[in-house]
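File shown: protein_35.pdb (PDB, C-alpha atoms, pLDDT in the B column).
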```
ATOM      1  CA  MET A 286      29.537 -31.196 -37.023  1.00 59.00           C
ATOM      2  CA  THR A 287      26.751 -28.753 -36.107  1.00 72.00           C
ATOM      3  CA  LYS A 288      25.750 -28.463 -32.465  1.00 80.00           C
ATOM      4  CA  LYS A 289      22.119 -29.417 -31.798  1.00 89.00           C
ATOM      5  CA  LEU A 290      20.276 -26.459 -30.315  1.00 93.00           C
ATOM      6  CA  ILE A 291      17.571 -26.823 -27.658  1.00 94.00           C
ATOM      7  CA  VAL A 292      14.251 -25.457 -28.952  1.00 94.00           C
ATOM      8  CA  ILE A 293      12.345 -23.302 -26.461  1.00 96.00           C
ATOM      9  CA  GLY A 294       9.253 -21.130 -26.718  1.00 94.00           C
ATOM     10  CA  SER A 295       8.647 -17.431 -26.152  1.00 94.00           C
ATOM     11  CA  THR A 296       7.862 -18.212 -22.520  1.00 95.00           C
ATOM     12  CA  GLU A 297       9.266 -21.011 -20.402  1.00 96.00           C
ATOM     13  CA  TYR A 298       9.246 -22.283 -16.851  1.00 96.00           C
ATOM     14  CA  VAL A 299      12.746 -22.103 -15.370  1.00 97.00           C
ATOM     15  CA  GLU A 300      14.537 -23.064 -12.184  1.00 97.00           C
ATOM     16  CA  ILE A 301      16.854 -20.511 -10.603  1.00 97.00           C
ATOM     17  CA  ASN A 302      18.916 -21.114  -7.493  1.00 94.00           C
ATOM     18  CA  GLY A 303      16.729 -24.086  -6.539  1.00 93.00           C
ATOM     19  CA  VAL A 304      13.379 -22.299  -7.013  1.00 96.00           C
ATOM     20  CA  LYS A 305      11.347 -24.271  -9.581  1.00 95.00           C
ATOM     21  CA  ASP A 306       8.576 -23.455 -12.066  1.00 95.00           C
ATOM     22  CA  ILE A 307       9.278 -19.743 -12.365  1.00 96.00           C
ATOM     23  CA  PRO A 308       7.595 -18.237 -15.450  1.00 96.00           C
ATOM     24  CA  ALA A 309      10.136 -16.499 -17.663  1.00 97.00           C
ATOM     25  CA  LYS A 310       9.818 -14.383 -20.776  1.00 96.00           C
ATOM     26  CA  ILE A 311      12.314 -15.224 -23.509  1.00 97.00           C
ATOM     27  CA  ASP A 312      13.371 -11.924 -25.057  1.00 95.00           C
ATOM     28  CA  THR A 313      15.815 -12.072 -27.973  1.00 93.00           C
ATOM     29  CA  GLY A 314      15.687  -8.271 -28.127  1.00 90.00           C
ATOM     30  CA  ALA A 315      17.207  -7.921 -24.657  1.00 91.00           C
ATOM     31  CA  ASP A 316      20.967  -8.235 -24.246  1.00 91.00           C
ATOM     32  CA  THR A 317      20.996  -9.511 -20.700  1.00 93.00           C
ATOM     33  CA  SER A 318      18.807 -11.617 -18.469  1.00 97.00           C
ATOM     34  CA  SER A 319      17.075 -10.022 -15.507  1.00 97.00           C
ATOM     35  CA  ILE A 320      15.528 -11.337 -12.304  1.00 98.00           C
ATOM     36  CA  TRP A 321      13.254  -9.777  -9.714  1.00 97.00           C
ATOM     37  CA  ALA A 322      15.284  -9.036  -6.603  1.00 97.00           C
ATOM     38  CA  SER A 323      14.582  -7.124  -3.408  1.00 96.00           C
ATOM     39  CA  ASN A 324      16.474  -5.986  -0.328  1.00 96.00           C
ATOM     40  CA  ILE A 325      19.539  -5.253  -2.455  1.00 96.00           C
ATOM     41  CA  ASP A 326      22.266  -3.946  -0.192  1.00 95.00           C
ATOM     42  CA  MET A 327      26.031  -3.530  -0.022  1.00 95.00           C
ATOM     43  CA  ASN A 328      27.851  -4.563   3.138  1.00 92.00           C
ATOM     44  CA  LYS A 329      30.816  -2.500   4.366  1.00 93.00           C
ATOM     45  CA  ASP A 330      33.190  -5.270   3.281  1.00 94.00           C
ATOM     46  CA  GLY A 331      31.946  -4.973  -0.329  1.00 94.00           C
ATOM     47  CA  THR A 332      29.688  -8.027  -0.236  1.00 94.00           C
ATOM     48  CA  LEU A 333      26.478  -7.600  -2.232  1.00 96.00           C
ATOM     49  CA  SER A 334      23.391  -9.042  -0.535  1.00 96.00           C
ATOM     50  CA  PHE A 335      19.933  -9.531  -2.017  1.00 97.00           C
ATOM     51  CA  VAL A 336      16.813 -11.677  -1.905  1.00 97.00           C
ATOM     52  CA  LEU A 337      15.260 -13.188  -5.020  1.00 98.00           C
ATOM     53  CA  PHE A 338      11.734 -11.947  -5.614  1.00 97.00           C
ATOM     54  CA  ASP A 339       9.739 -10.212  -2.876  1.00 95.00           C
ATOM     55  CA  LYS A 340       7.223 -11.139  -0.188  1.00 95.00           C
ATOM     56  CA  ASP A 341       4.405 -10.522  -2.697  1.00 90.00           C
ATOM     57  CA  SER A 342       5.774 -13.209  -5.027  1.00 94.00           C
ATOM     58  CA  PRO A 343       4.825 -16.899  -4.796  1.00 94.00           C
ATOM     59  CA  PHE A 344       8.508 -17.659  -5.544  1.00 96.00           C
ATOM     60  CA  TYR A 345       9.817 -15.740  -2.544  1.00 96.00           C
ATOM     61  CA  THR A 346      11.805 -17.900  -0.106  1.00 96.00           C
ATOM     62  CA  GLY A 347      13.289 -15.135   2.022  1.00 95.00           C
ATOM     63  CA  GLU A 348      16.757 -16.613   1.538  1.00 97.00           C
ATOM     64  CA  LYS A 349      19.386 -13.887   1.684  1.00 97.00           C
ATOM     65  CA  LEU A 350      22.009 -14.378  -1.021  1.00 97.00           C
ATOM     66  CA  GLU A 351      25.462 -12.828  -0.886  1.00 97.00           C
ATOM     67  CA  SER A 352      28.072 -12.371  -3.583  1.00 96.00           C
ATOM     68  CA  THR A 353      31.504 -10.874  -3.950  1.00 94.00           C
ATOM     69  CA  ASP A 354      31.521 -11.852  -7.651  1.00 94.00           C
ATOM     70  CA  TYR A 355      29.386  -9.073  -9.142  1.00 95.00           C
ATOM     71  CA  MET A 356      29.613  -6.202 -11.595  1.00 95.00           C
ATOM     72  CA  VAL A 357      27.379  -3.314 -12.614  1.00 95.00           C
ATOM     73  CA  LYS A 358      25.761  -2.621 -15.950  1.00 93.00           C
ATOM     74  CA  THR A 359      23.878   0.333 -17.349  1.00 92.00           C
ATOM     75  CA  VAL A 360      20.612  -1.001 -18.733  1.00 89.00           C
ATOM     76  CA  ARG A 361      18.361   0.947 -21.074  1.00 84.00           C
ATOM     77  CA  SER A 362      14.681   0.027 -20.849  1.00 73.00           C
ATOM     78  CA  SER A 363      12.399  -0.198 -23.862  1.00 69.00           C
ATOM     79  CA  HIS A 364      11.159   3.251 -22.817  1.00 76.00           C
ATOM     80  CA  GLY A 365      14.662   4.705 -23.067  1.00 82.00           C
ATOM     81  CA  ASP A 366      15.263   5.037 -19.327  1.00 85.00           C
ATOM     82  CA  GLU A 367      18.720   4.101 -18.052  1.00 91.00           C
ATOM     83  CA  GLN A 368      19.356   2.294 -14.778  1.00 90.00           C
ATOM     84  CA  ILE A 369      22.511   1.048 -13.128  1.00 93.00           C
ATOM     85  CA  ARG A 370      21.999  -2.558 -12.039  1.00 94.00           C
ATOM     86  CA  TYR A 371      24.114  -5.137 -10.296  1.00 96.00           C
ATOM     87  CA  ARG A 372      24.971  -8.267 -12.298  1.00 97.00           C
ATOM     88  CA  VAL A 373      25.369 -11.598 -10.520  1.00 97.00           C
ATOM     89  CA  LYS A 374      25.824 -15.204 -11.591  1.00 97.00           C
ATOM     90  CA  LEU A 375      23.099 -17.685 -10.683  1.00 97.00           C
ATOM     91  CA  PRO A 376      22.369 -21.303 -11.624  1.00 97.00           C
ATOM     92  CA  LEU A 377      19.608 -21.587 -14.240  1.00 97.00           C
ATOM     93  CA  THR A 378      17.749 -24.588 -15.650  1.00 97.00           C
ATOM     94  CA  LEU A 379      16.157 -23.809 -19.010  1.00 97.00           C
ATOM     95  CA  GLY A 380      14.896 -26.310 -21.566  1.00 94.00           C
ATOM     96  CA  GLY A 381      16.362 -29.178 -19.546  1.00 94.00           C
ATOM     97  CA  ALA A 382      19.869 -27.675 -19.528  1.00 95.00           C
ATOM     98  CA  THR A 383      21.442 -26.458 -16.272  1.00 96.00           C
ATOM     99  CA  PHE A 384      24.230 -23.871 -16.310  1.00 96.00           C
ATOM    100  CA  VAL A 385      25.387 -20.686 -14.585  1.00 96.00           C
ATOM    101  CA  THR A 386      24.460 -17.412 -16.250  1.00 97.00           C
ATOM    102  CA  THR A 387      24.483 -13.711 -15.467  1.00 97.00           C
ATOM    103  CA  PHE A 388      21.368 -11.832 -14.340  1.00 97.00           C
ATOM    104  CA  THR A 389      20.842  -8.170 -13.593  1.00 97.00           C
ATOM    105  CA  LEU A 390      18.958  -7.557 -10.349  1.00 97.00           C
ATOM    106  CA  ALA A 391      15.837  -5.437 -10.810  1.00 95.00           C
ATOM    107  CA  ASN A 392      12.461  -4.716  -9.316  1.00 93.00           C
ATOM    108  CA  ARG A 393      10.241  -6.677 -11.708  1.00 94.00           C
ATOM    109  CA  SER A 394       7.166  -6.530  -9.455  1.00 91.00           C
ATOM    110  CA  ARG A 395       5.241  -4.589 -12.097  1.00 89.00           C
ATOM    111  CA  ASN A 396       6.254  -6.897 -14.962  1.00 90.00           C
ATOM    112  CA  ASN A 397       4.166  -9.845 -16.102  1.00 90.00           C
ATOM    113  CA  PHE A 398       7.161 -12.154 -15.711  1.00 94.00           C
ATOM    114  CA  PRO A 399       9.536 -12.155 -12.723  1.00 96.00           C
ATOM    115  CA  VAL A 400      12.387 -13.347 -14.979  1.00 98.00           C
ATOM    116  CA  LEU A 401      13.500 -12.212 -18.418  1.00 97.00           C
ATOM    117  CA  ILE A 402      15.964 -14.336 -20.383  1.00 98.00           C
ATOM    118  CA  GLY A 403      18.081 -12.303 -22.810  1.00 96.00           C
ATOM    119  CA  ARG A 404      20.122 -13.263 -25.837  1.00 94.00           C
ATOM    120  CA  HIS A 405      23.503 -13.586 -24.077  1.00 95.00           C
ATOM    121  CA  THR A 406      22.032 -16.460 -22.061  1.00 96.00           C
ATOM    122  CA  LEU A 407      20.436 -17.960 -25.175  1.00 96.00           C
ATOM    123  CA  SER A 408      23.301 -17.660 -27.644  1.00 92.00           C
ATOM    124  CA  GLU A 409      24.913 -20.828 -28.973  1.00 87.00           C
ATOM    125  CA  ASN A 410      22.621 -23.184 -27.004  1.00 93.00           C
ATOM    126  CA  PHE A 411      18.993 -22.342 -27.736  1.00 95.00           C
ATOM    127  CA  LEU A 412      16.668 -21.756 -30.655  1.00 94.00           C
ATOM    128  CA  VAL A 413      13.522 -19.749 -29.885  1.00 95.00           C
ATOM    129  CA  ASP A 414      10.344 -20.875 -31.631  1.00 93.00           C
ATOM    130  CA  VAL A 415       7.851 -18.062 -31.031  1.00 91.00           C
ATOM    131  CA  SER A 416       4.940 -20.335 -31.964  1.00 89.00           C
ATOM    132  CA  LYS A 417       5.619 -22.265 -28.743  1.00 89.00           C
ATOM    133  CA  SER A 418       4.888 -21.089 -25.234  1.00 87.00           C
ATOM    134  CA  SER A 419       5.100 -23.064 -22.002  1.00 85.00           C
ATOM    135  CA  VAL A 420       3.512 -20.407 -19.808  1.00 82.00           C
ATOM    136  CA  LYS A 421      -0.148 -19.559 -20.193  1.00 67.00           C
ATOM    137  CA  HIS A 422      -0.717 -15.887 -20.966  1.00 56.00           C
ATOM    138  CA  GLN A 423      -0.366 -13.754 -17.864  1.00 55.00           C
ATOM    139  CA  SER A 424      -2.523 -10.700 -18.185  1.00 55.00           C
ATOM    140  CA  ASN A 425      -1.480  -7.303 -16.984  1.00 54.00           C
ATOM    141  CA  PRO A 426      -3.618  -6.492 -13.913  1.00 55.00           C
ATOM    142  CA  HIS A 427      -4.066  -2.892 -15.119  1.00 52.00           C
ATOM    143  CA  THR A 428      -5.553  -3.792 -18.520  1.00 60.00           C
ATOM    144  CA  PRO A 429      -9.193  -4.555 -17.496  1.00 64.00           C
ATOM    145  CA  HIS A 430      -9.393  -1.271 -15.581  1.00 71.00           C
ATOM    146  CA  LEU A 431      -7.917   0.658 -18.514  1.00 75.00           C
ATOM    147  CA  ASN A 432     -10.319  -0.903 -21.017  1.00 77.00           C
ATOM    148  CA  GLN A 433     -13.265  -0.043 -18.791  1.00 80.00           C
ATOM    149  CA  GLU A 434     -12.017   3.539 -18.535  1.00 80.00           C
ATOM    150  CA  LEU A 435     -11.584   3.662 -22.320  1.00 80.00           C
ATOM    151  CA  GLN A 436     -15.167   2.492 -22.909  1.00 81.00           C
ATOM    152  CA  GLU A 437     -16.594   5.043 -20.481  1.00 86.00           C
ATOM    153  CA  ASP A 438     -15.058   8.064 -22.215  1.00 87.00           C
ATOM    154  CA  PRO A 439     -12.596   7.446 -25.087  1.00 84.00           C
ATOM    155  CA  TYR A 440     -11.806  11.160 -25.501  1.00 85.00           C
ATOM    156  CA  LYS A 441     -11.000  11.647 -21.815  1.00 84.00           C
ATOM    157  CA  PHE A 442      -8.962   8.418 -21.830  1.00 81.00           C
ATOM    158  CA  HIS A 443      -6.907   9.603 -24.793  1.00 81.00           C
ATOM    159  CA  ARG A 444      -6.222  12.996 -23.186  1.00 80.00           C
ATOM    160  CA  LYS A 445      -5.247  11.352 -19.896  1.00 81.00           C
ATOM    161  CA  TYR A 446      -2.937   8.582 -21.133  1.00 75.00           C
ATOM    162  CA  LEU A 447      -1.916   9.085 -24.739  1.00 75.00           C
ATOM    163  CA  LYS A 448      -1.950  12.764 -25.608  1.00 67.00           C
ATOM    164  CA  LYS A 449       1.430  14.391 -25.092  1.00 57.00           C
ATOM    165  CA  LYS A 450       1.501  17.610 -23.131  1.00 52.00           C
ATOM    166  CA  GLY A 451       1.678  20.686 -25.300  1.00 52.00           C
ATOM    167  CA  GLU A 452      -0.172  19.120 -28.283  1.00 51.00           C
TER
END
```

Translate the structure described by the file into structure tokens.
Amino acid sequence: MTKKLIVIGSTEYVEINGVKDIPAKIDTGADTSSIWASNIDMNKDGTLSFVLFDKDSPFYTGEKLESTDYMVKTVRSSHGDEQIRYRVKLPLTLGGATFVTTFTLANRSRNNFPVLIGRHTLSENFLVDVSKSSVKHQSNPHTPHLNQELQEDPYKFHRKYLKKKGE
């Protein structure tokens, strides 16, 4: 008998550690899930402490979380940069299903979504239908400024942002 998969869209609202309605990007190209965390610190006894989100986020509660059940992972960004990140287990509700999954802790303050759900979290339980999206498009705050700059002087814009040095 085939297991019935839960169909989700390319973006979904999730609940993590009791915080509801967090917009999340579903990314089947990413191995692991990632969440915006701040105040990441290691206590002398080896306990990892962190806060989900940051004061600038509407999802920030200020609750300090601690874990002794953590690992590290080297993560390569889409730009090719490598970072060492802590991995922790947190409760997640996605598509009506609640379970514990692993997240890397990262500063996602500059990302459009404070949470990214990767394929390890999705595998065997979810089917992603990219024609569906629960979260309305969240625009990048830098885009209007960049388009205005492009319209003012396309040549200067190209030299400033897109032309590689030495060309």

Kindly resolve the PyMOL selection byres ((chain A and resi 374) around 6) on the present coordinates and return the residues as a PyMOL selection string.
-> chain A and resi 373+375+386-387

What do you get, as a VMD selection string, if you spell out every residue that the PyMOL selection byres ((chain A and resi 357-361) around 10) selects here?
-> chain A and resid 315 to 317 355 to 356 362 to 373 389 to 390

Expand the PyMOL selection byres ((chain A and resi 418) around 9) into the individual residues it matches in the shown file, reporting them as a VMD selection string.
-> chain A and resid 293 to 297 414 to 417 419 to 422

Would you work out the distance separating atom CA of A:Val292 from atom CA of A:Asp306, expressed in Å to one decimal?
->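 For atom CA of A:Val292 relative to atom CA of A:Asp306, the distance reads 17.9 Å.
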
Extract, using only C-alpha atoms, all DNA, RNA and protein residues at most 8 Å from A:Ile320, discarding same-chain residues fewer than 6 positions from it, and format them as a PyMOL selection string.
-> chain A and resi 337-338+388-393+399-401

Selected residues written out with C-alpha atoms, as a JSON list (two decimals), in the coordinates of the input:
```
[["chain", "number", "residue", "atom", "x", "y", "z"],
["A", 337, "LEU", "CA", 15.26, -13.19, -5.02],
["A", 338, "PHE", "CA", 11.73, -11.95, -5.61],
["A", 388, "PHE", "CA", 21.37, -11.83, -14.34],
["A", 389, "THR", "CA", 20.84, -8.17, -13.59],
["A", 390, "LEU", "CA", 18.96, -7.56, -10.35],
["A", 391, "ALA", "CA", 15.84, -5.44, -10.81],
["A", 392, "ASN", "CA", 12.46, -4.72, -9.32],
["A", 393, "ARG", "CA", 10.24, -6.68, -11.71],
["A", 399, "PRO", "CA", 9.54, -12.16, -12.72],
["A", 400, "VAL", "CA", 12.39, -13.35, -14.98],
["A", 401, "LEU", "CA", 13.50, -12.21, -18.42]]
```

Option closest in space to A:Asn396, from A:Leu447, A:Ala309, A:Val336, A:Ile301 [counting all atoms listed in the file] |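 Using all atoms listed in the file, the shortest distance to A:Asn396 belongs to A:Ala309.
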
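Proximity of A:Glu437, A:Thr406, A:Ile325, A:Ser342 to A:Pro376, computed with only C-alpha atoms, is greatest for A:Thr406.
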
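Minimum distance to A:Asp339 across A:Gly380, A:Ser394, A:Lys305, A:Thr353 (counting all atoms listed in the file) occurs at A:Ser394.
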
Which residue, A:Phe411, A:Phe398, A:Tyr440, A:Tyr446, has the smallest gap to A:Thr313 when you use only C-alpha atoms?
-> A:Phe411

Do you have the atom CA of A:His405-atom CA of A:Leu379 distance handy?
->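 Atom-to-atom, atom CA of A:His405 to atom CA of A:Leu379, that is 13.6 Å.
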
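Take atom CA of A:Ser334 and atom CA of A:Asn302: the distance between them is 14.6 Å.
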
Might you pull out every residue within 6 Å of A:Leu377, with all atoms listed in the file counted and same-chain residues fewer than 2 positions away left off, and present them as a list in words?
-> Glu300, Ile301, Thr383, Phe384 and Val385 of chain A

Write out, as a compact mmCIF listing (two decimals), keeping the file's coordinate frame, the residues just selected, with C-alpha atoms.
```txt
# COMPACT_ATOMS: atom_id res chain seq x y z
CA GLU A 300 14.54 -23.06 -12.18
CA ILE A 301 16.85 -20.51 -10.60
CA THR A 383 21.44 -26.46 -16.27
CA PHE A 384 24.23 -23.87 -16.31
CA VAL A 385 25.39 -20.69 -14.58
```

Taking into account all atoms listed in the file, which residue in the set A:Asn432, A:Asn410, A:Ser352, A:Thr378 is nearest to A:Asn328?
->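 When distances to A:Asn328 are compared using all atoms listed in the file, the smallest one comes from A:Ser352.
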
Skipping near chain neighbours, those fewer than 2 positions away, what residues fall within 7 Å of A:Phe335 using only C-alpha atoms, listed as number ranges by chain?
-> A: 322-326, 333, 337, 349-351

Go through A:Arg395, A:His430, A:Arg444, A:Arg404 one by one, measure the shortest atom-to-atom distance of each to A:Asp312 using only C-alpha atoms, and give the residue with the smallest value.
-> A:Arg404

Output stretch 391-409 of chain A with N, CA and C atoms present, as a PDB file, keeping the file's coordinate frame.
```pdb
ATOM      1  N   ALA A 391      16.764  -6.547 -10.562  1.00 95.00           N
ATOM      2  CA  ALA A 391      15.837  -5.437 -10.810  1.00 95.00           C
ATOM      3  C   ALA A 391      14.531  -5.671 -10.072  1.00 95.00           C
ATOM      4  N   ASN A 392      13.807  -4.603  -9.855  1.00 93.00           N
ATOM      5  CA  ASN A 392      12.461  -4.716  -9.316  1.00 93.00           C
ATOM      6  C   ASN A 392      11.529  -5.015 -10.486  1.00 93.00           C
ATOM      7  N   ARG A 393      11.136  -6.263 -10.630  1.00 94.00           N
ATOM      8  CA  ARG A 393      10.241  -6.677 -11.708  1.00 94.00           C
ATOM      9  C   ARG A 393       8.828  -6.924 -11.185  1.00 94.00           C
ATOM     10  N   SER A 394       8.480  -6.311 -10.064  1.00 91.00           N
ATOM     11  CA  SER A 394       7.166  -6.530  -9.455  1.00 91.00           C
ATOM     12  C   SER A 394       6.026  -6.061 -10.350  1.00 91.00           C
ATOM     13  N   ARG A 395       6.291  -5.114 -11.222  1.00 89.00           N
ATOM     14  CA  ARG A 395       5.241  -4.589 -12.097  1.00 89.00           C
ATOM     15  C   ARG A 395       5.242  -5.270 -13.468  1.00 89.00           C
ATOM     16  N   ASN A 396       6.184  -6.182 -13.694  1.00 90.00           N
ATOM     17  CA  ASN A 396       6.254  -6.897 -14.962  1.00 90.00           C
ATOM     18  C   ASN A 396       5.389  -8.155 -14.898  1.00 90.00           C
ATOM     19  N   ASN A 397       4.957  -8.623 -16.054  1.00 90.00           N
ATOM     20  CA  ASN A 397       4.166  -9.845 -16.102  1.00 90.00           C
ATOM     21  C   ASN A 397       4.988 -11.079 -15.745  1.00 90.00           C
ATOM     22  N   PHE A 398       6.289 -11.027 -15.983  1.00 94.00           N
ATOM     23  CA  PHE A 398       7.161 -12.154 -15.711  1.00 94.00           C
ATOM     24  C   PHE A 398       8.260 -11.731 -14.741  1.00 94.00           C
ATOM     25  N   PRO A 399       8.500 -12.514 -13.688  1.00 96.00           N
ATOM     26  CA  PRO A 399       9.536 -12.155 -12.723  1.00 96.00           C
ATOM     27  C   PRO A 399      10.956 -12.361 -13.258  1.00 96.00           C
ATOM     28  N   VAL A 400      11.081 -13.074 -14.379  1.00 98.00           N
ATOM     29  CA  VAL A 400      12.387 -13.347 -14.979  1.00 98.00           C
ATOM     30  C   VAL A 400      12.312 -13.065 -16.472  1.00 98.00           C
ATOM     31  N   LEU A 401      13.359 -12.431 -16.985  1.00 97.00           N
ATOM     32  CA  LEU A 401      13.500 -12.212 -18.418  1.00 97.00           C
ATOM     33  C   LEU A 401      14.820 -12.856 -18.836  1.00 97.00           C
ATOM     34  N   ILE A 402      14.766 -13.663 -19.877  1.00 98.00           N
ATOM     35  CA  ILE A 402      15.964 -14.336 -20.383  1.00 98.00           C
ATOM     36  C   ILE A 402      16.379 -13.638 -21.678  1.00 98.00           C
ATOM     37  N   GLY A 403      17.571 -13.047 -21.664  1.00 96.00           N
ATOM     38  CA  GLY A 403      18.081 -12.303 -22.810  1.00 96.00           C
ATOM     39  C   GLY A 403      18.983 -13.132 -23.705  1.00 96.00           C
ATOM     40  N   ARG A 404      19.412 -12.519 -24.797  1.00 94.00           N
ATOM     41  CA  ARG A 404      20.122 -13.263 -25.837  1.00 94.00           C
ATOM     42  C   ARG A 404      21.517 -13.741 -25.451  1.00 94.00           C
ATOM     43  N   HIS A 405      22.187 -13.079 -24.496  1.00 95.00           N
ATOM     44  CA  HIS A 405      23.503 -13.586 -24.077  1.00 95.00           C
ATOM     45  C   HIS A 405      23.367 -14.952 -23.407  1.00 95.00           C
ATOM     46  N   THR A 406      22.287 -15.160 -22.683  1.00 96.00           N
ATOM     47  CA  THR A 406      22.032 -16.460 -22.061  1.00 96.00           C
ATOM     48  C   THR A 406      21.644 -17.491 -23.117  1.00 96.00           C
ATOM     49  N   LEU A 407      20.957 -17.047 -24.150  1.00 96.00           N
ATOM     50  CA  LEU A 407      20.436 -17.960 -25.175  1.00 96.00           C
ATOM     51  C   LEU A 407      21.461 -18.350 -26.235  1.00 96.00           C
ATOM     52  N   SER A 408      22.412 -17.472 -26.495  1.00 92.00           N
ATOM     53  CA  SER A 408      23.301 -17.660 -27.644  1.00 92.00           C
ATOM     54  C   SER A 408      24.071 -18.971 -27.578  1.00 92.00           C
ATOM     55  N   GLU A 409      24.158 -19.598 -28.718  1.00 87.00           N
ATOM     56  CA  GLU A 409      24.913 -20.828 -28.973  1.00 87.00           C
ATOM     57  C   GLU A 409      24.301 -22.092 -28.386  1.00 87.00           C
TER      58      GLU A 409
END
```
